[in-house]
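Have a look at input.csv; it's CSV, C-alpha atoms:
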chain,number,residue,atom,x,y,z
A,196,MET,CA,70.8,-31.9,46.4
A,197,SER,CA,67.2,-31.0,47.2
A,198,GLU,CA,64.8,-33.6,48.6
A,199,LEU,CA,62.3,-34.9,46.2
A,200,MET,CA,58.9,-34.4,47.7
A,201,ILE,CA,56.7,-35.8,44.9
A,202,LYS,CA,57.6,-38.2,42.1
A,203,ALA,CA,54.7,-39.2,39.9
A,204,ASP,CA,55.1,-41.7,37.0
A,205,ASN,CA,52.5,-42.5,34.4
A,206,ILE,CA,49.5,-41.9,36.5
A,207,ASN,CA,46.2,-42.9,34.9
A,208,LYS,CA,42.6,-42.4,36.0
A,209,SER,CA,39.3,-43.1,34.3
A,210,PHE,CA,35.7,-42.5,35.3
A,211,GLY,CA,33.9,-45.2,33.4
A,212,SER,CA,34.8,-44.9,29.8
A,213,LEU,CA,36.2,-41.3,30.3
A,214,LEU,CA,40.0,-41.2,30.5
A,215,VAL,CA,40.7,-38.3,32.9
A,216,LEU,CA,44.4,-38.7,33.4
A,217,ASP,CA,46.7,-40.2,30.8
A,218,ASP,CA,50.3,-41.1,31.8
A,219,ILE,CA,50.9,-38.0,34.0
A,220,SER,CA,54.5,-37.8,35.2
A,221,PHE,CA,56.2,-34.9,37.1
A,222,SER,CA,58.3,-34.3,40.2
A,223,LEU,CA,58.6,-31.5,42.8
A,224,GLU,CA,61.5,-30.7,45.2
A,225,ARG,CA,61.2,-29.4,48.8
A,226,GLY,CA,60.6,-25.7,49.1
A,227,LYS,CA,59.4,-25.3,45.4
A,228,VAL,CA,56.1,-24.2,44.0
A,229,LEU,CA,54.5,-25.9,41.1
A,230,SER,CA,51.5,-24.3,39.3
A,231,ILE,CA,49.1,-26.3,37.2
A,232,ILE,CA,47.0,-24.5,34.6
A,233,GLY,CA,44.6,-25.6,32.0
A,234,PRO,CA,40.9,-25.4,31.0
A,235,SER,CA,38.1,-26.9,33.1
A,236,GLY,CA,37.9,-30.7,32.7
A,237,SER,CA,41.6,-31.1,32.0
A,238,GLY,CA,42.2,-33.4,35.0
A,239,LYS,CA,43.9,-30.9,37.3
A,240,SER,CA,41.7,-31.3,40.3
A,241,THR,CA,41.6,-35.1,39.8
A,242,LEU,CA,45.3,-35.2,40.0
A,243,LEU,CA,45.4,-33.3,43.3
A,244,ARG,CA,42.7,-35.6,44.7
A,245,ILE,CA,44.7,-38.6,43.8
A,246,ILE,CA,47.9,-37.3,45.5
A,247,THR,CA,45.9,-36.3,48.6
A,248,GLN,CA,44.1,-39.7,48.6
A,249,LEU,CA,40.6,-38.5,47.9
A,250,GLU,CA,40.6,-40.5,44.7
A,251,LYS,CA,42.3,-43.8,43.7
A,252,ALA,CA,44.5,-44.0,40.6
A,253,ASP,CA,44.0,-46.8,38.1
A,254,GLY,CA,47.6,-47.1,37.2
A,255,GLY,CA,51.1,-45.6,37.5
A,256,SER,CA,53.2,-44.9,40.5
A,257,LEU,CA,53.5,-42.1,43.1
A,258,GLN,CA,56.1,-41.4,45.8
A,259,ILE,CA,55.7,-38.8,48.5
A,260,LYS,CA,59.0,-38.0,50.3
A,261,GLY,CA,60.5,-41.1,48.8
A,262,GLU,CA,57.7,-43.4,50.2
A,263,SER,CA,55.5,-45.3,47.8
A,264,LEU,CA,51.8,-44.6,48.0
A,265,PHE,CA,51.1,-46.8,45.0
A,266,GLU,CA,53.4,-48.6,42.4
A,267,ASN,CA,52.1,-49.8,39.1
A,268,GLY,CA,48.6,-49.1,40.3
A,269,VAL,CA,49.0,-51.2,43.5
A,270,TYR,CA,48.5,-49.3,46.7
A,271,ALA,CA,50.5,-49.6,49.9
A,272,LYS,CA,48.8,-51.0,53.0
A,273,ALA,CA,46.1,-48.9,54.7
A,274,GLU,CA,48.3,-47.9,57.6
A,275,GLU,CA,51.1,-46.8,55.2
A,276,GLN,CA,48.6,-44.8,53.1
A,277,LYS,CA,47.4,-43.0,56.2
A,278,ARG,CA,50.9,-42.2,57.4
A,279,ILE,CA,51.9,-40.9,53.9
A,280,GLY,CA,48.7,-38.9,53.8
A,281,ARG,CA,49.8,-36.8,56.7
A,282,TYR,CA,52.6,-35.3,54.6
A,283,THR,CA,49.9,-33.5,52.5
A,284,GLY,CA,47.2,-30.9,53.0
A,285,LEU,CA,44.6,-29.7,50.6
A,286,VAL,CA,42.8,-26.3,50.4
A,287,PHE,CA,39.5,-26.6,48.5
A,288,GLN,CA,38.0,-24.0,46.2
A,289,SER,CA,34.7,-24.2,48.1
A,290,PHE,CA,36.1,-23.8,51.6
A,291,ASN,CA,34.5,-27.0,53.0
A,292,LEU,CA,34.2,-25.6,56.6
A,293,PHE,CA,31.9,-27.2,59.0
A,294,PRO,CA,29.0,-24.7,59.3
A,295,HIS,CA,28.0,-25.8,62.8
A,296,PHE,CA,31.5,-25.4,64.2
A,297,SER,CA,33.1,-22.2,65.3
A,298,VAL,CA,36.2,-21.0,63.4
A,299,LEU,CA,38.3,-22.2,66.3
A,300,ARG,CA,36.8,-25.7,66.3
A,301,ASN,CA,37.1,-26.0,62.6
A,302,ILE,CA,40.8,-25.7,63.0
A,303,THR,CA,41.2,-27.7,66.2
A,304,GLU,CA,38.9,-30.7,65.4
A,305,ALA,CA,41.3,-32.5,63.0
A,306,GLN,CA,44.3,-31.7,65.2
A,307,ARG,CA,42.7,-33.6,68.1
A,308,ALA,CA,41.4,-36.4,66.0
A,309,VAL,CA,44.4,-37.0,63.7
A,310,LEU,CA,47.4,-35.7,65.7
A,311,ARG,CA,45.9,-36.5,69.1
A,312,ARG,CA,46.8,-33.0,70.4
A,313,SER,CA,45.3,-31.9,73.6
A,314,LYS,CA,42.6,-29.2,73.5
A,315,GLU,CA,45.1,-26.6,74.8
A,316,GLU,CA,47.8,-27.6,72.2
A,317,ALA,CA,45.3,-27.5,69.4
A,318,GLU,CA,43.8,-24.2,70.4
A,319,ASP,CA,47.3,-22.6,70.8
A,320,LYS,CA,48.2,-23.8,67.3
A,321,ALA,CA,44.8,-22.6,65.9
A,322,MET,CA,45.2,-19.1,67.4
A,323,SER,CA,48.7,-18.8,66.1
A,324,LEU,CA,47.5,-19.6,62.6
A,325,LEU,CA,44.5,-17.3,62.9
A,326,LYS,CA,46.8,-14.5,63.9
A,327,LYS,CA,49.0,-15.2,60.9
A,328,MET,CA,45.8,-14.9,58.8
A,329,SER,CA,44.7,-11.7,60.6
A,330,LEU,CA,41.6,-13.5,61.9
A,331,GLU,CA,42.3,-13.9,65.6
A,332,SER,CA,39.2,-11.8,66.4
A,333,LYS,CA,37.0,-14.3,64.5
A,334,ALA,CA,37.9,-17.4,66.6
A,335,LYS,CA,34.4,-17.6,68.1
A,336,SER,CA,32.6,-16.7,64.9
A,337,TYR,CA,30.8,-19.3,62.6
A,338,PRO,CA,31.5,-19.6,58.9
A,339,CYS,CA,28.2,-18.0,57.9
A,340,GLU,CA,29.4,-14.8,59.7
A,341,LEU,CA,32.6,-14.5,57.6
A,342,SER,CA,33.2,-13.2,54.1
A,343,GLY,CA,34.3,-15.7,51.4
A,344,GLY,CA,37.9,-14.5,51.7
A,345,GLN,CA,37.8,-15.0,55.5
A,346,GLN,CA,36.4,-18.5,55.1
A,347,GLN,CA,39.2,-19.4,52.6
A,348,ARG,CA,41.8,-18.0,55.0
A,349,VAL,CA,40.3,-20.2,57.8
A,350,SER,CA,40.5,-23.2,55.4
A,351,ILE,CA,44.1,-22.5,54.8
A,352,ALA,CA,44.7,-22.3,58.5
A,353,ARG,CA,42.9,-25.6,59.0
A,354,ALA,CA,45.2,-27.3,56.4
A,355,LEU,CA,48.3,-25.8,58.0
A,356,ALA,CA,47.3,-26.8,61.5
A,357,LEU,CA,48.1,-30.5,60.6
A,358,ASP,CA,51.7,-29.5,59.8
A,359,PRO,CA,51.7,-30.8,56.2
A,360,GLU,CA,55.0,-30.8,54.3
A,361,ILE,CA,53.3,-30.3,51.0
A,362,LEU,CA,50.2,-28.0,50.6
A,363,PHE,CA,47.9,-28.3,47.6
A,364,PHE,CA,45.5,-25.5,46.5
A,365,ASP,CA,42.6,-26.4,44.1
A,366,GLU,CA,41.6,-23.1,42.5
A,367,PRO,CA,41.5,-21.4,45.9
A,368,THR,CA,40.2,-18.1,44.5
A,369,SER,CA,37.6,-19.3,42.0
A,370,ALA,CA,34.7,-18.4,44.3
A,371,LEU,CA,36.0,-15.0,45.3
A,372,ASP,CA,35.7,-11.5,43.9
A,373,PRO,CA,38.9,-9.6,42.8
A,374,GLU,CA,39.5,-7.9,46.1
A,375,LEU,CA,39.2,-11.1,48.2
A,376,THR,CA,41.2,-12.9,45.6
A,377,ARG,CA,44.1,-10.6,46.2
A,378,ASP,CA,44.0,-11.3,49.9
A,379,ILE,CA,44.2,-15.1,49.3
A,380,LEU,CA,47.0,-14.8,46.8
A,381,ASN,CA,49.0,-12.7,49.3
A,382,VAL,CA,48.6,-15.5,51.9
A,383,ILE,CA,49.9,-18.1,49.4
A,384,ARG,CA,52.7,-15.7,48.3
A,385,SER,CA,53.8,-15.4,52.0
A,386,LEU,CA,53.8,-19.2,52.3
A,387,ALA,CA,56.0,-19.4,49.2
A,388,GLU,CA,58.4,-16.9,50.8
A,389,GLU,CA,58.6,-19.2,53.8
A,390,LYS,CA,59.6,-22.0,51.4
A,391,MET,CA,56.5,-24.1,51.9
A,392,THR,CA,56.3,-26.8,49.2
A,393,MET,CA,53.1,-26.2,47.2
A,394,VAL,CA,51.1,-27.3,44.2
A,395,VAL,CA,48.7,-24.6,43.1
A,396,VAL,CA,45.9,-25.2,40.5
A,397,THR,CA,44.8,-21.8,39.4
A,398,HIS,CA,43.4,-19.6,36.6
A,399,GLU,CA,45.4,-16.6,38.0
A,400,MET,CA,48.0,-16.5,35.3
A,401,ASN,CA,50.1,-13.6,36.4
A,402,PHE,CA,50.1,-15.0,40.0
A,403,ALA,CA,51.2,-18.4,38.7
A,404,LYS,CA,54.0,-16.9,36.7
A,405,GLY,CA,55.2,-14.9,39.6
A,406,ILE,CA,55.1,-17.5,42.3
A,407,SER,CA,56.1,-20.7,40.6
A,408,ASP,CA,59.4,-22.5,40.2
A,409,HIS,CA,57.8,-24.8,37.6
A,410,SER,CA,54.6,-24.7,35.6
A,411,ILE,CA,52.5,-27.4,33.9
A,412,PHE,CA,49.8,-26.8,31.3
A,413,MET,CA,47.2,-29.7,31.1
A,414,GLU,CA,44.4,-30.4,28.7
A,415,GLY,CA,42.4,-33.5,28.0
A,416,GLY,CA,44.1,-35.4,30.8
A,417,VAL,CA,47.6,-35.0,29.5
A,418,ILE,CA,50.5,-32.7,30.2
A,419,VAL,CA,50.7,-30.6,27.0
A,420,GLU,CA,53.7,-28.5,28.0
A,421,GLU,CA,55.8,-27.7,31.1
A,422,GLY,CA,58.8,-25.7,32.0
A,423,ASP,CA,59.9,-22.7,34.0
A,424,PRO,CA,57.0,-20.2,34.3
A,425,ILE,CA,58.6,-17.3,32.3
A,426,SER,CA,59.1,-19.6,29.3
A,427,LEU,CA,55.7,-21.3,29.6
A,428,PHE,CA,53.7,-18.0,30.0
A,429,GLU,CA,55.7,-15.7,27.8
A,430,ASN,CA,57.0,-18.0,25.1
A,431,PRO,CA,55.0,-21.2,25.0
A,432,GLN,CA,56.0,-23.7,22.3
A,433,ASN,CA,52.8,-25.6,22.0
A,434,LYS,CA,50.0,-24.1,19.9
A,435,ARG,CA,47.3,-25.0,22.4
A,436,THR,CA,49.3,-23.5,25.3
A,437,LYS,CA,49.7,-20.3,23.4
A,438,GLU,CA,45.9,-20.1,22.8
A,439,PHE,CA,45.2,-20.7,26.4
A,440,VAL,CA,47.6,-18.2,27.8
A,441,ARG,CA,46.6,-15.5,25.3
A,442,SER,CA,42.9,-16.0,26.3
A,443,PHE,CA,43.8,-14.6,29.7
A,444,GLU,CA,45.9,-11.6,28.5
A,445,GLY,CA,44.4,-8.3,29.5

Write-out of the structure in structure tokens:
Amino acid sequence: MSELMIKADNINKSFGSLLVLDDISFSLERGKVLSIIGPSGSGKSTLLRIITQLEKADGGSLQIKGESLFENGVYAKAEEQKRIGRYTGLVFQSFNLFPHFSVLRNITEAQRAVLRRSKEEAEDKAMSLLKKMSLESKAKSYPCELSGGQQQRVSIARALALDPEILFFDEPTSALDPELTRDILNVIRSLAEEKMTMVVVTHEMNFAKGISDHSIFMEGGVIVEEGDPISLFENPQNKRTKEFVRSFEG
């Protein structure tokens, strides 16, 4: 039986009077890829931010690798939160690289601060990942000297450098043109082939259908429909899901 990496039950989140997440429940097994689609403002990014501890939930429960981050809205102790947080990594849509750090330092900084790796260990890890991203020649460059696609590949390398067991992508291609988008999707596809556990929020419908083991359609802070990607994308049962998927056809 596969290990359960994420188990979310009835997660709720509001910003003031605006209910952003309404009783969100789902699970994800090790080595599987979950895609989350839906219109802007549907709560997708907020859900990722809660799982990766950039936002606090108002209610519900969340387990990561069988360990409780919060239960019935009550969070674990700070040291437990920090430890559980190391299971996850997040790739942002806007890269979020430090502009005054070289590519190499962008990838080594967190390794040294969080994992207490030596400079040599951190740099060896960084260079290995840059090679994987076909960017080893850019180690001494600065973010402003890179294309958007190259910056996004550096941000993926930075997330992987901390050895997360679950990697989250928040619309990683939204700031890129079609050619650069293809490069990033190929990187994510290669990670899926390596059985990296991933949650991908994306508007790339064909990519989501092809890479996912399970897909969720969200709107208005709720899960409207979910299922295997072929069924969800080719034969959705909910009227709103049908409208959304058809809006991307062609």

With all atoms listed in the file counted and 12 Å as the cut-off, give the residues of region 221-280 of chain A in contact with region 351-359 of chain A, each with its shortest interatomic distance in Å and the pair that gives it, as a tab-separated table.
residue	atom	partner	partner_atom	distance
A:Thr247	CA	A:Pro359	CA	11.0
A:Ile259	CA	A:Pro359	CA	11.8
A:Lys260	CA	A:Pro359	CA	11.8
A:Arg278	CA	A:Pro359	CA	11.5
A:Ile279	CA	A:Pro359	CA	10.4
A:Gly280	CA	A:Pro359	CA	9.0

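With CA of Ser240 (chain A) on one side and CA of Val228 (chain A) on the other, the separation reads 16.5 Å.
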
- Test item: residues at most 12 Å from Thr397 (chain A), all atoms listed in the file, excluding those fewer than 5 positions along its chain, as a PyMOL selection string: chain A and resi 229-235+239-240+287-288+363-370+376+379-380+383+402-404+406-407+410-413

Output of the above residues as a PDB file, in the coordinates of the input, restricted to C-alpha atoms:
ATOM      1  CA  LEU A 229      54.500 -25.900  41.100  1.00  0.00           C
ATOM      2  CA  SER A 230      51.500 -24.300  39.300  1.00  0.00           C
ATOM      3  CA  ILE A 231      49.100 -26.300  37.200  1.00  0.00           C
ATOM      4  CA  ILE A 232      47.000 -24.500  34.600  1.00  0.00           C
ATOM      5  CA  GLY A 233      44.600 -25.600  32.000  1.00  0.00           C
ATOM      6  CA  PRO A 234      40.900 -25.400  31.000  1.00  0.00           C
ATOM      7  CA  SER A 235      38.100 -26.900  33.100  1.00  0.00           C
ATOM      8  CA  LYS A 239      43.900 -30.900  37.300  1.00  0.00           C
ATOM      9  CA  SER A 240      41.700 -31.300  40.300  1.00  0.00           C
ATOM     10  CA  PHE A 287      39.500 -26.600  48.500  1.00  0.00           C
ATOM     11  CA  GLN A 288      38.000 -24.000  46.200  1.00  0.00           C
ATOM     12  CA  PHE A 363      47.900 -28.300  47.600  1.00  0.00           C
ATOM     13  CA  PHE A 364      45.500 -25.500  46.500  1.00  0.00           C
ATOM     14  CA  ASP A 365      42.600 -26.400  44.100  1.00  0.00           C
ATOM     15  CA  GLU A 366      41.600 -23.100  42.500  1.00  0.00           C
ATOM     16  CA  PRO A 367      41.500 -21.400  45.900  1.00  0.00           C
ATOM     17  CA  THR A 368      40.200 -18.100  44.500  1.00  0.00           C
ATOM     18  CA  SER A 369      37.600 -19.300  42.000  1.00  0.00           C
ATOM     19  CA  ALA A 370      34.700 -18.400  44.300  1.00  0.00           C
ATOM     20  CA  THR A 376      41.200 -12.900  45.600  1.00  0.00           C
ATOM     21  CA  ILE A 379      44.200 -15.100  49.300  1.00  0.00           C
ATOM     22  CA  LEU A 380      47.000 -14.800  46.800  1.00  0.00           C
ATOM     23  CA  ILE A 383      49.900 -18.100  49.400  1.00  0.00           C
ATOM     24  CA  PHE A 402      50.100 -15.000  40.000  1.00  0.00           C
ATOM     25  CA  ALA A 403      51.200 -18.400  38.700  1.00  0.00           C
ATOM     26  CA  LYS A 404      54.000 -16.900  36.700  1.00  0.00           C
ATOM     27  CA  ILE A 406      55.100 -17.500  42.300  1.00  0.00           C
ATOM     28  CA  SER A 407      56.100 -20.700  40.600  1.00  0.00           C
ATOM     29  CA  SER A 410      54.600 -24.700  35.600  1.00  0.00           C
ATOM     30  CA  ILE A 411      52.500 -27.400  33.900  1.00  0.00           C
ATOM     31  CA  PHE A 412      49.800 -26.800  31.300  1.00  0.00           C
ATOM     32  CA  MET A 413      47.200 -29.700  31.100  1.00  0.00           C
TER      33      MET A 413
END

- Message: Show me the residues close to (27.6, -17.9, 60.9) - anything with an atom within 9 Å, counting all atoms listed in the file - and format the list as a PyMOL selection string.
- Response: chain A and resi 294-295+297+336-341

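Atom pair CA of Gly238 (chain A) / CA of Lys390 (chain A): separated by 26.5 Å.
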
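Shortest separation to Ser350 (chain A) among A:Val298, A:Ala317, A:Leu386, A:Met400 occurs at residue A:Val298, atoms counted being only C-alpha atoms.
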
Could you work out an axis-aligned box for region 425-432 of chain A, taking every atom the file lists and adding 3 Å on each side, and report centre and edge lengths in Å to one decimal, as JSON?
{"center_x": 56.4, "center_y": -19.7, "center_z": 27.3, "size_x": 11.4, "size_y": 14.0, "size_z": 16.0}

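Checking A:Ile245, A:Ile425, A:Leu257, A:Leu362 one by one against Thr283 (chain A), counting only C-alpha atoms, you find the shortest gap at A:Leu362.
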
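Shortest separation to Val215 (chain A) among A:Gly254, A:Asp378, A:Asn291, A:Glu399 occurs at residue A:Gly254, atoms counted being all atoms listed in the file.
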
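Distance-wise, CA of Lys202 (chain A) and CA of Gln347 (chain A) end up 28.3 Å apart.
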
- Note on the structure: Residue with the minimum atom-to-atom distance to Ser222 (chain A), picked from A:Asn430, A:Thr392, A:Ser289, A:Gln276 with only C-alpha atoms counted, is A:Thr392

- Query: A:Glu250, A:Glu388, A:Glu360, A:Glu266: which is nearest Glu224 (chain A), counting only C-alpha atoms?
  - Reply: A:Glu360

- Select, from A:Arg300, A:Val394, A:Ile206, A:Ala308, the residue with the minimum atom-to-atom distance to Asn267 (chain A), counting only C-alpha atoms. A:Ile206
